[in-house]
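A.B. asks: What follows is entry_37.cif, made up of mmCIF, C-alpha atoms:
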data_input
loop_
_atom_site.group_PDB
_atom_site.id
_atom_site.type_symbol
_atom_site.label_atom_id
_atom_site.label_comp_id
_atom_site.auth_asym_id
_atom_site.auth_seq_id
_atom_site.Cartn_x
_atom_site.Cartn_y
_atom_site.Cartn_z
ATOM 1 C CA MET T 1 0.000 0.000 0.000
ATOM 2 C CA THR T 2 1.308 3.290 -0.982
ATOM 3 C CA GLU T 3 0.403 6.398 0.860
ATOM 4 C CA GLN T 4 -1.114 9.177 -1.159
ATOM 5 C CA PRO T 5 0.036 12.670 -0.419
ATOM 6 C CA GLU T 6 -2.389 14.819 1.471
ATOM 7 C CA ALA T 7 -4.190 17.403 -0.611
ATOM 8 C CA ARG T 8 -2.767 20.801 0.035
ATOM 9 C CA ARG T 9 -5.201 23.141 1.665
ATOM 10 C CA ALA T 10 -5.156 26.883 1.185
ATOM 11 C CA PRO T 11 -4.036 28.617 4.313
ATOM 12 C CA GLU T 12 -6.804 30.276 6.372
ATOM 13 C CA PRO T 13 -6.850 34.024 5.798
ATOM 14 C CA SER T 14 -5.699 35.991 8.743
ATOM 15 C CA GLY T 15 -5.151 39.606 9.605
ATOM 16 C CA VAL T 16 -5.437 41.903 6.590
ATOM 17 C CA ASP T 17 -6.550 39.092 4.274
ATOM 18 C CA LEU T 18 -9.421 38.217 6.620
ATOM 19 C CA ALA T 19 -10.548 41.853 6.605
ATOM 20 C CA ARG T 20 -10.490 41.935 2.770
ATOM 21 C CA VAL T 21 -12.620 38.771 2.521
ATOM 22 C CA ALA T 22 -15.141 40.143 5.035
ATOM 23 C CA LEU T 23 -15.320 43.496 3.195
ATOM 24 C CA ARG T 24 -15.881 41.785 -0.177
ATOM 25 C CA ALA T 25 -18.690 39.625 1.310
ATOM 26 C CA ALA T 26 -20.359 42.712 2.864
ATOM 27 C CA LYS T 27 -20.237 44.581 -0.469
ATOM 28 C CA GLU T 28 -21.821 41.641 -2.322
ATOM 29 C CA GLN T 29 -24.628 41.406 0.260
ATOM 30 C CA ALA T 30 -25.291 45.154 0.012
ATOM 31 C CA ARG T 31 -25.362 44.962 -3.790
ATOM 32 C CA ALA T 32 -27.830 42.038 -3.637
ATOM 33 C CA ARG T 33 -30.029 43.945 -1.172
ATOM 34 C CA GLY T 34 -29.956 47.042 -3.386
ATOM 35 C CA ASN T 35 -30.969 45.027 -6.445
ATOM 36 C CA ALA T 36 -33.864 43.466 -4.514
ATOM 37 C CA VAL T 37 -35.097 46.912 -3.430
ATOM 38 C CA GLN T 38 -34.916 48.194 -7.026
ATOM 39 C CA GLN T 39 -36.867 45.179 -8.276
ATOM 40 C CA LYS T 40 -39.579 45.734 -5.632
ATOM 41 C CA LYS T 41 -39.904 49.393 -6.634
ATOM 42 C CA GLN T 42 -40.237 48.488 -10.305
ATOM 43 C CA ALA T 43 -42.820 45.808 -9.518
ATOM 44 C CA ARG T 44 -44.798 48.315 -7.455
ATOM 45 C CA ARG T 45 -44.741 50.774 -10.345
ATOM 46 C CA GLY T 46 -45.750 48.069 -12.802
ATOM 47 C CA GLY T 47 -42.332 48.163 -14.401
ATOM 48 C CA LEU T 48 -42.996 51.644 -15.777
ATOM 49 C CA ARG T 49 -40.814 54.598 -15.053
ATOM 50 C CA SER T 50 -42.410 57.934 -14.364
ATOM 51 C CA GLY T 51 -41.720 60.558 -16.955
ATOM 52 C CA ALA T 52 -43.219 62.806 -19.573
ATOM 53 C CA ARG T 53 -45.177 60.044 -21.317
ATOM 54 C CA ALA T 54 -48.648 58.920 -20.258
ATOM 55 C CA ASP T 55 -48.958 55.595 -18.491
ATOM 56 C CA GLY T 56 -51.537 53.671 -16.438
ATOM 57 C CA ARG T 57 -50.949 55.783 -13.341
ATOM 58 C CA ASP T 58 -52.110 59.050 -14.881
ATOM 59 C CA PRO T 59 -55.508 60.438 -13.843
ATOM 60 C CA LEU T 60 -58.348 59.998 -16.348
ATOM 61 C CA PRO T 61 -61.100 62.425 -17.302
ATOM 62 C CA LEU T 62 -64.376 61.520 -15.574
ATOM 63 C CA GLY T 63 -66.091 60.352 -18.765
ATOM 64 C CA ALA T 64 -63.202 58.059 -19.688
ATOM 65 C CA ALA T 65 -63.058 56.637 -16.157
ATOM 66 C CA ILE T 66 -66.797 55.884 -16.198
ATOM 67 C CA ASN T 67 -66.583 54.291 -19.654
ATOM 68 C CA ARG T 68 -63.689 52.108 -18.487
ATOM 69 C CA LEU T 69 -65.652 51.058 -15.390
ATOM 70 C CA ILE T 70 -68.747 50.212 -17.471
ATOM 71 C CA THR T 71 -66.650 48.119 -19.849
ATOM 72 C CA GLU T 72 -64.747 46.313 -17.071
ATOM 73 C CA ARG T 73 -67.947 45.413 -15.213
ATOM 74 C CA GLY T 74 -69.941 44.419 -18.311
ATOM 75 C CA TRP T 75 -72.594 47.079 -17.804
ATOM 76 C CA GLU T 76 -72.821 48.192 -21.451
ATOM 77 C CA THR T 77 -76.412 47.016 -22.048
ATOM 78 C CA PRO T 78 -77.924 48.263 -18.756
ATOM 79 C CA ALA T 79 -76.179 51.620 -19.208
ATOM 80 C CA ALA T 80 -77.440 51.931 -22.785
ATOM 81 C CA VAL T 81 -80.995 51.063 -21.763
ATOM 82 C CA GLY T 82 -80.719 53.476 -18.832
ATOM 83 C CA GLY T 83 -79.941 56.201 -21.346
ATOM 84 C CA VAL T 84 -83.337 55.535 -22.944
ATOM 85 C CA THR T 85 -85.031 57.246 -20.002
ATOM 86 C CA GLY T 86 -83.282 60.527 -20.722
ATOM 87 C CA ARG T 87 -83.937 60.314 -24.457
ATOM 88 C CA TRP T 88 -87.470 58.876 -24.212
ATOM 89 C CA PRO T 89 -89.179 61.912 -25.853
ATOM 90 C CA GLN T 90 -86.787 61.755 -28.844
ATOM 91 C CA ILE T 91 -87.297 58.003 -29.252
ATOM 92 C CA VAL T 92 -91.104 57.780 -28.990
ATOM 93 C CA GLY T 93 -92.142 61.356 -29.750
ATOM 94 C CA GLU T 94 -93.264 64.201 -27.508
ATOM 95 C CA ASN T 95 -96.969 63.265 -27.485
ATOM 96 C CA VAL T 96 -96.412 59.647 -26.423
ATOM 97 C CA ALA T 97 -93.733 60.676 -23.891
ATOM 98 C CA LEU T 98 -96.255 62.940 -22.131
ATOM 99 C CA HIS T 99 -98.457 59.930 -21.331
ATOM 100 C CA CYS T 100 -96.042 56.971 -21.124
ATOM 101 C CA GLU T 101 -92.724 56.597 -19.320
ATOM 102 C CA PRO T 102 -90.227 53.719 -18.967
ATOM 103 C CA GLN T 103 -90.186 52.063 -15.529
ATOM 104 C CA GLY T 104 -87.520 49.380 -15.780
ATOM 105 C CA TYR T 105 -85.602 46.885 -17.876
ATOM 106 C CA ASP T 106 -85.190 43.152 -17.254
ATOM 107 C CA GLU T 107 -81.802 42.290 -18.748
ATOM 108 C CA ASP T 108 -82.307 38.510 -18.634
ATOM 109 C CA ALA T 109 -85.644 38.560 -20.470
ATOM 110 C CA ARG T 110 -84.744 41.740 -22.451
ATOM 111 C CA VAL T 111 -88.107 43.302 -21.572
ATOM 112 C CA LEU T 112 -88.648 47.062 -21.215
ATOM 113 C CA THR T 113 -91.512 47.953 -18.848
ATOM 114 C CA VAL T 114 -93.461 51.132 -19.642
ATOM 115 C CA GLN T 115 -96.297 52.654 -17.594
ATOM 116 C CA CYS T 116 -99.021 54.779 -19.126
ATOM 117 C CA ASP T 117 -101.229 57.335 -17.387
ATOM 118 C CA SER T 118 -104.493 56.020 -18.897
ATOM 119 C CA THR T 119 -105.863 52.788 -20.274
ATOM 120 C CA THR T 120 -106.348 54.498 -23.642
ATOM 121 C CA TRP T 121 -102.642 55.296 -23.887
ATOM 122 C CA ALA T 122 -101.754 51.798 -22.669
ATOM 123 C CA THR T 123 -103.798 50.347 -25.542
ATOM 124 C CA GLN T 124 -102.205 52.772 -28.007
ATOM 125 C CA LEU T 125 -98.708 51.859 -26.799
ATOM 126 C CA ARG T 126 -99.463 48.130 -27.117
ATOM 127 C CA LEU T 127 -100.347 48.786 -30.771
ATOM 128 C CA LEU T 128 -97.131 50.793 -31.273
ATOM 129 C CA ALA T 129 -94.932 48.257 -29.417
ATOM 130 C CA PRO T 130 -93.497 46.449 -32.498
ATOM 131 C CA GLN T 131 -92.387 49.754 -34.078
ATOM 132 C CA LEU T 132 -90.916 50.917 -30.748
ATOM 133 C CA VAL T 133 -88.993 47.648 -30.299
ATOM 134 C CA ALA T 134 -87.521 48.061 -33.797
ATOM 135 C CA ARG T 135 -86.607 51.710 -33.111
ATOM 136 C CA LEU T 136 -85.025 50.845 -29.734
ATOM 137 C CA ASN T 137 -83.000 47.987 -31.246
ATOM 138 C CA ASP T 138 -81.758 50.280 -34.018
ATOM 139 C CA ASP T 139 -80.651 52.756 -31.350
ATOM 140 C CA LEU T 140 -79.267 50.324 -28.726
ATOM 141 C CA GLY T 141 -78.170 47.358 -30.821
ATOM 142 C CA GLN T 142 -80.057 44.409 -32.256
ATOM 143 C CA GLY T 143 -81.609 42.102 -29.667
ATOM 144 C CA THR T 144 -81.319 44.535 -26.761
ATOM 145 C CA VAL T 145 -85.115 44.837 -26.339
ATOM 146 C CA ARG T 146 -87.214 41.799 -27.213
ATOM 147 C CA MET T 147 -90.544 43.005 -25.887
ATOM 148 C CA ILE T 148 -92.247 46.022 -24.316
ATOM 149 C CA LYS T 149 -94.452 45.292 -21.307
ATOM 150 C CA VAL T 150 -97.133 47.968 -21.041
ATOM 151 C CA LEU T 151 -98.700 48.780 -17.676
ATOM 152 C CA GLY T 152 -101.877 50.774 -17.263
ATOM 153 C CA PRO T 153 -102.419 53.469 -14.685
ATOM 154 C CA GLY T 154 -101.929 52.483 -11.063
ATOM 155 C CA GLY T 155 -104.767 53.716 -8.885
ATOM 156 C CA PRO T 156 -105.150 53.697 -5.130
ATOM 157 C CA ALA T 157 -106.142 50.427 -3.449
ATOM 158 C CA ARG T 158 -109.900 50.150 -3.119
ATOM 159 C CA ARG T 159 -111.087 49.571 0.408
ATOM 160 C CA TYR T 160 -114.754 48.790 0.882
ATOM 161 C CA GLY T 161 -115.897 49.139 4.477
ATOM 162 C CA SER T 162 -113.943 49.004 7.687
ATOM 163 C CA LEU T 163 -114.040 45.206 8.040
ATOM 164 C CA ARG T 164 -112.210 43.043 5.548
ATOM 165 C CA ALA T 165 -111.046 39.458 5.487
ATOM 166 C CA PRO T 166 -107.262 39.127 6.005
ATOM 167 C CA GLY T 167 -105.479 38.861 2.662
ATOM 168 C CA SER T 168 -108.523 39.817 0.579
ATOM 169 C CA THR T 169 -107.974 41.945 -2.490
ATOM 170 C CA GLY T 170 -111.352 43.606 -2.658
ATOM 171 C CA PRO T 171 -114.755 42.890 -4.189
ATOM 172 C CA GLY T 172 -113.381 40.489 -6.803
ATOM 173 C CA ASP T 173 -111.912 38.171 -4.168
ATOM 174 C CA THR T 174 -113.808 34.879 -3.669
ATOM 175 C CA TYR T 175 -112.191 34.097 -0.295
ATOM 176 C CA GLY T 176 -110.977 30.759 -1.290
#
Take the structure from the file and write it as structure tokens.

C.D. replies:
Amino acid sequence: MTEQPEARRAPEPSGVDLARVALRAAKEQARARGNAVQQKKQARRGGLRSGARADGRDPLPLGAAINRLITERGWETPAAVGGVTGRWPQIVGENVALHCEPQGYDEDARVLTVQCDSTTWATQLRLLAPQLVARLNDDLGQGTVRMIKVLGPGGPARRYGSLRAPGSTGPGDTYG
């Protein structure tokens, strides 16, 4: 058996050499920490640097902010139908608008509910409903309104006498 020579080890740094090694290690750690801080700042800013050019952090005009919100939330159809209320006289005409007004819109069924101030106008609006649906769909987009539900005038509840059966609806009720 032959003995193999021992591998030569580098001498342990001491004195000035030890100080140099420690200083180099401290500088590398500081550099790594500085890079991590810079990366966090860039991530917080979305990777964009502030400057003269517009970016996602700039304030928006109110109209643009509202349009972006409507688009992000998927509120295009309800917002468009909501605009019908303000433009109702231009859509149906001044005479009809004096006697009939939109009450609500069911987005799932695509039904616009309109209330009239008399039964005569309710009948007239029922006759005009197909033309109004076509006009509304031209204005709002095809398929937005499928049907117009016409309500007659709402009168006060009729109460006959001081004594009534619980849950009765008036003289037409058969109590059972």

A.B. asks: If the PyMOL selection byres ((chain T and resi 108) around 12) is run on the structure shown, which residues does it catch, given as a list in words?

C.D. replies: Thr77, Pro78, Tyr105, Asp106, Glu107, Ala109, Arg110, Val111, Leu112, Gly143, Thr144, Val145, Arg146 and Met147 of chain T

A.B. asks: Write to file, as a PDB file, keeping the file's coordinate frame, the residues of the selection just made, with C-alpha atoms.

C.D. replies:
ATOM      1  CA  THR T  77     -76.412  47.016 -22.048  1.00  0.00           C
ATOM      2  CA  PRO T  78     -77.924  48.263 -18.756  1.00  0.00           C
ATOM      3  CA  TYR T 105     -85.602  46.885 -17.876  1.00  0.00           C
ATOM      4  CA  ASP T 106     -85.190  43.152 -17.254  1.00  0.00           C
ATOM      5  CA  GLU T 107     -81.802  42.290 -18.748  1.00  0.00           C
ATOM      6  CA  ALA T 109     -85.644  38.560 -20.470  1.00  0.00           C
ATOM      7  CA  ARG T 110     -84.744  41.740 -22.451  1.00  0.00           C
ATOM      8  CA  VAL T 111     -88.107  43.302 -21.572  1.00  0.00           C
ATOM      9  CA  LEU T 112     -88.648  47.062 -21.215  1.00  0.00           C
ATOM     10  CA  GLY T 143     -81.609  42.102 -29.667  1.00  0.00           C
ATOM     11  CA  THR T 144     -81.319  44.535 -26.761  1.00  0.00           C
ATOM     12  CA  VAL T 145     -85.115  44.837 -26.339  1.00  0.00           C
ATOM     13  CA  ARG T 146     -87.214  41.799 -27.213  1.00  0.00           C
ATOM     14  CA  MET T 147     -90.544  43.005 -25.887  1.00  0.00           C
TER      15      MET T 147
END

A.B. asks: For a test of reading the model, state the distance in Å between atom CA of Ala79 of chain T and atom CA of Asn67 of chain T, rounded to one decimal.

C.D. replies: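 The value is 10.0 Å.
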
A.B. asks: Suppose a student applies the PyMOL selection byres ((chain T and resi 149-151) around 7) to this structure; what residues should they get, written as number ranges by chain?

C.D. replies: T: 111-116, 122, 126, 147-148, 152-153

A.B. asks: At what distance in Å, to one decimal, does atom CA of Thr123 of chain T lie from atom CA of Gly154 of chain T?

C.D. replies: 14.8 Å

A.B. asks: With only C-alpha atoms as the counted atoms, please give the residues lying no more than 12 Å from Pro89 of chain T, apart from itself and same-chain residues fewer than 3 positions off, as a PyMOL selection string.

C.D. replies: chain T and resi 83-86+92-102

A.B. asks: If I take atom CA of Arg53 of chain T and atom CA of Gly34 of chain T, how far is one from the other in Å, to one decimal?

C.D. replies: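 If I compute the distance from atom CA of Arg53 of chain T to atom CA of Gly34 of chain T, I get 26.9 Å.
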